[in-house]
Amino acid sequence: MTPKTFSYEACGQILIIHLPKEFDHHNCRNLKYETDLLLAENYIRKIVFDFSRTEFMDSSGIGVLLNRYKQMKANGGRTTLYGVSAQVGRVLSVGGITRIIEHFNTRDEAMAG
């Protein structure tokens with residue numbers, strides 16, 4: 001069973017956010033709240049979004065990605081993502097995310113990129 005919540009992993013100054021199967025308005029508020037706390041408590045220079053389990057995403061997810069991208073950029077940090085399926089990739093493309101957030105195929109590439 002795929003978890004319905006987010007999980008987080010810190011690797012030094014990198015925060016990896018493992019997204020659930022459905023990244024939608026039902027769980028975006030939790031992600032925003034939880035990452036606000038993590039960013040306030042830690043010196044994070046990069047956020048990496050893991051889409052490897054995500055099969056569905058709506059405009060609320062786009063909003064969260066844009067918010068985190070702007071927050072990291074304003075603080076001199078970076079945002080990347082990886083593991084995007086074709087369906088989610090179309091949503092990211094239509095939402096303009098692929099033009100501003102670097103996307104990679106693997107976790108290692110996203111962390112290094």
# chains A, B, ... in the order shown; residues from 1 in each chain; ligands from 1
>>> select_by_dssp(residues="chain A", states="helix (DSSP H, G or I)", output="VMD selection string")
chain A and resid 25 to 41 59 to 74 86 to 94 97 to 100 107 to 112
>>> residues_around(residues="stretch 5-15 of chain A", least_positions_apart="4", cutoff="8 Å", atoms="only C-alpha atoms", output="ChimeraX atom specification")
/A:19-20,27,31,42-48,111
>>> write_last_selection(atoms="all heavy atoms", output="CSV table (one decimal), in the first residue's frame")
chain,number,residue,atom,x,y,z
A,19,LEU,N,6.8,12.4,-2.0
A,19,LEU,CA,5.4,12.7,-2.2
A,19,LEU,C,4.6,11.5,-2.3
A,19,LEU,O,5.1,10.4,-2.7
A,19,LEU,CB,5.2,13.5,-3.5
A,19,LEU,CG,6.0,14.9,-3.6
A,19,LEU,CD1,5.9,15.5,-4.9
A,19,LEU,CD2,5.5,15.8,-2.5
A,20,PRO,N,3.3,11.5,-1.9
A,20,PRO,CA,2.4,10.4,-1.9
A,20,PRO,C,1.9,10.1,-3.3
A,20,PRO,O,2.1,10.9,-4.3
A,20,PRO,CB,1.3,10.8,-1.0
A,20,PRO,CG,1.2,12.3,-1.1
A,20,PRO,CD,2.6,12.7,-1.3
A,27,ASN,N,-4.0,17.1,0.7
A,27,ASN,CA,-2.8,17.0,1.5
A,27,ASN,C,-1.8,18.1,1.3
A,27,ASN,O,-0.8,18.1,2.0
A,27,ASN,CB,-2.1,15.6,1.2
A,27,ASN,CG,-1.9,15.3,-0.2
A,27,ASN,OD1,-1.7,16.3,-1.0
A,27,ASN,ND2,-1.8,14.1,-0.6
A,31,LEU,N,1.6,19.5,3.8
A,31,LEU,CA,2.9,19.6,3.3
A,31,LEU,C,3.5,21.0,3.5
A,31,LEU,O,4.6,21.2,4.0
A,31,LEU,CB,3.0,19.3,1.8
A,31,LEU,CG,4.4,19.6,1.1
A,31,LEU,CD1,5.4,18.6,1.7
A,31,LEU,CD2,4.3,19.5,-0.4
A,42,ASN,N,15.9,23.9,10.5
A,42,ASN,CA,17.1,23.4,9.9
A,42,ASN,C,17.6,24.4,8.9
A,42,ASN,O,16.9,25.2,8.3
A,42,ASN,CB,16.8,22.0,9.2
A,42,ASN,CG,16.3,21.0,10.2
A,42,ASN,OD1,17.0,20.4,11.0
A,42,ASN,ND2,15.0,20.8,10.1
A,43,TYR,N,18.9,24.3,8.6
A,43,TYR,CA,19.6,25.1,7.6
A,43,TYR,C,19.5,24.3,6.3
A,43,TYR,O,20.5,23.7,5.9
A,43,TYR,CB,21.0,25.4,8.0
A,43,TYR,CG,21.6,26.5,7.1
A,43,TYR,CD1,21.2,27.8,7.1
A,43,TYR,CD2,22.7,26.1,6.3
A,43,TYR,CE1,21.8,28.7,6.3
A,43,TYR,CE2,23.3,27.0,5.5
A,43,TYR,CZ,22.8,28.3,5.5
A,43,TYR,OH,23.4,29.2,4.6
A,44,ILE,N,18.4,24.5,5.6
A,44,ILE,CA,18.2,23.8,4.3
A,44,ILE,C,18.6,24.7,3.2
A,44,ILE,O,18.1,25.8,3.1
A,44,ILE,CB,16.7,23.3,4.2
A,44,ILE,CG1,16.3,22.4,5.3
A,44,ILE,CG2,16.5,22.7,2.8
A,44,ILE,CD1,17.1,21.1,5.4
A,45,ARG,N,19.5,24.2,2.3
A,45,ARG,CA,19.9,24.9,1.1
A,45,ARG,C,19.3,24.4,-0.2
A,45,ARG,O,19.4,25.1,-1.2
A,45,ARG,CB,21.4,24.9,1.0
A,45,ARG,CG,22.2,25.4,2.2
A,45,ARG,CD,22.0,26.9,2.4
A,45,ARG,NE,22.5,27.6,1.3
A,45,ARG,CZ,22.0,28.8,0.9
A,45,ARG,NH1,21.1,29.4,1.6
A,45,ARG,NH2,22.5,29.4,-0.2
A,46,LYS,N,18.6,23.2,-0.1
A,46,LYS,CA,18.1,22.7,-1.3
A,46,LYS,C,16.9,21.8,-0.9
A,46,LYS,O,17.0,21.0,0.1
A,46,LYS,CB,19.1,21.8,-2.0
A,46,LYS,CG,18.6,21.2,-3.3
A,46,LYS,CD,19.8,20.4,-3.9
A,46,LYS,CE,19.7,20.5,-5.4
A,46,LYS,NZ,20.9,19.8,-6.0
A,47,ILE,N,15.8,21.9,-1.7
A,47,ILE,CA,14.7,20.9,-1.5
A,47,ILE,C,14.6,20.1,-2.8
A,47,ILE,O,14.7,20.6,-3.9
A,47,ILE,CB,13.4,21.7,-1.4
A,47,ILE,CG1,13.3,22.5,0.0
A,47,ILE,CG2,12.2,20.7,-1.4
A,47,ILE,CD1,12.1,23.3,0.1
A,48,VAL,N,14.5,18.8,-2.6
A,48,VAL,CA,14.4,17.8,-3.7
A,48,VAL,C,13.0,17.1,-3.5
A,48,VAL,O,12.7,16.5,-2.5
A,48,VAL,CB,15.5,16.8,-3.6
A,48,VAL,CG1,15.3,15.7,-4.7
A,48,VAL,CG2,16.9,17.4,-3.8
A,111,MET,N,19.9,15.4,-6.4
A,111,MET,CA,20.7,15.9,-5.3
A,111,MET,C,21.9,16.6,-5.7
A,111,MET,O,22.3,17.6,-5.1
A,111,MET,CB,21.0,14.7,-4.3
A,111,MET,CG,19.8,14.2,-3.6
A,111,MET,SD,20.1,12.9,-2.5
A,111,MET,CE,21.1,13.8,-1.2
>>> closest_residue(among="A:Phe56, A:Tyr69, A:Tyr33, A:Tyr82", to="A:Ile16", atoms="only C-alpha atoms")
A:Tyr82
>>> residues_around(residues="A:Lys21", least_positions_apart="4", cutoff="12 Å", atoms="only C-alpha atoms", output="PyMOL selection string")
chain A and resi 1-7+27+50-58+84-85+88
>>> residues_around(residues="A:Gly63", least_positions_apart="6", cutoff="10 Å", atoms="only C-alpha atoms", output="ChimeraX atom specification")
/A:25,28,69,95,97
>>> write_last_selection(atoms="N, CA, C and O atoms", output="mmCIF file, in the first residue's frame")
data_model
loop_
_atom_site.group_PDB
_atom_site.id
_atom_site.type_symbol
_atom_site.label_atom_id
_atom_site.label_comp_id
_atom_site.auth_asym_id
_atom_site.auth_seq_id
_atom_site.Cartn_x
_atom_site.Cartn_y
_atom_site.Cartn_z
ATOM 1 N N HIS A 25 -5.186 18.831 -3.320
ATOM 2 C CA HIS A 25 -5.610 19.817 -2.323
ATOM 3 C C HIS A 25 -5.873 19.201 -0.951
ATOM 4 O O HIS A 25 -5.794 19.887 0.053
ATOM 5 N N CYS A 28 -2.052 19.070 0.469
ATOM 6 C CA CYS A 28 -1.097 20.169 0.271
ATOM 7 C C CYS A 28 -0.942 21.048 1.510
ATOM 8 O O CYS A 28 0.151 21.532 1.797
ATOM 9 N N TYR A 69 9.698 26.814 -4.279
ATOM 10 C CA TYR A 69 10.729 27.299 -5.199
ATOM 11 C C TYR A 69 11.063 28.764 -4.887
ATOM 12 O O TYR A 69 12.235 29.131 -4.759
ATOM 13 N N GLY A 95 1.620 23.632 -15.990
ATOM 14 C CA GLY A 95 1.702 24.580 -14.886
ATOM 15 C C GLY A 95 2.952 25.442 -14.903
ATOM 16 O O GLY A 95 3.116 26.312 -14.045
ATOM 17 N N ILE A 97 6.027 24.570 -14.319
ATOM 18 C CA ILE A 97 7.045 24.148 -13.358
ATOM 19 C C ILE A 97 8.320 23.682 -14.058
ATOM 20 O O ILE A 97 9.423 23.961 -13.595
#
>>> select_by_dssp(residues="chain A", states="strand (DSSP E or B)", output="ChimeraX atom specification")
/A:7-11,14-18,22-23,46-50,56-57,78-82,102-104
>>> closest_residue(among="A:Gln71, A:Ser60, A:Gln87, A:Ile101", to="A:Asp36", atoms="only C-alpha atoms")
A:Gln71
>>> atom_distance(atom1="atom CA of A:Ile62", atom2="atom CA of A:Arg99")
12.6 Å
>>> atom_distance(atom1="atom CA of A:Asn105", atom2="atom CA of A:Met72")
21.4 Å
>>> closest_residue(among="A:Asn75, A:Thr80, A:Ser93, A:Ser59", to="A:Gly113", atoms="only C-alpha atoms")
A:Thr80
>>> atom_distance(atom1="atom CA of A:Leu39", atom2="atom CA of A:Glu102")
20.1 Å
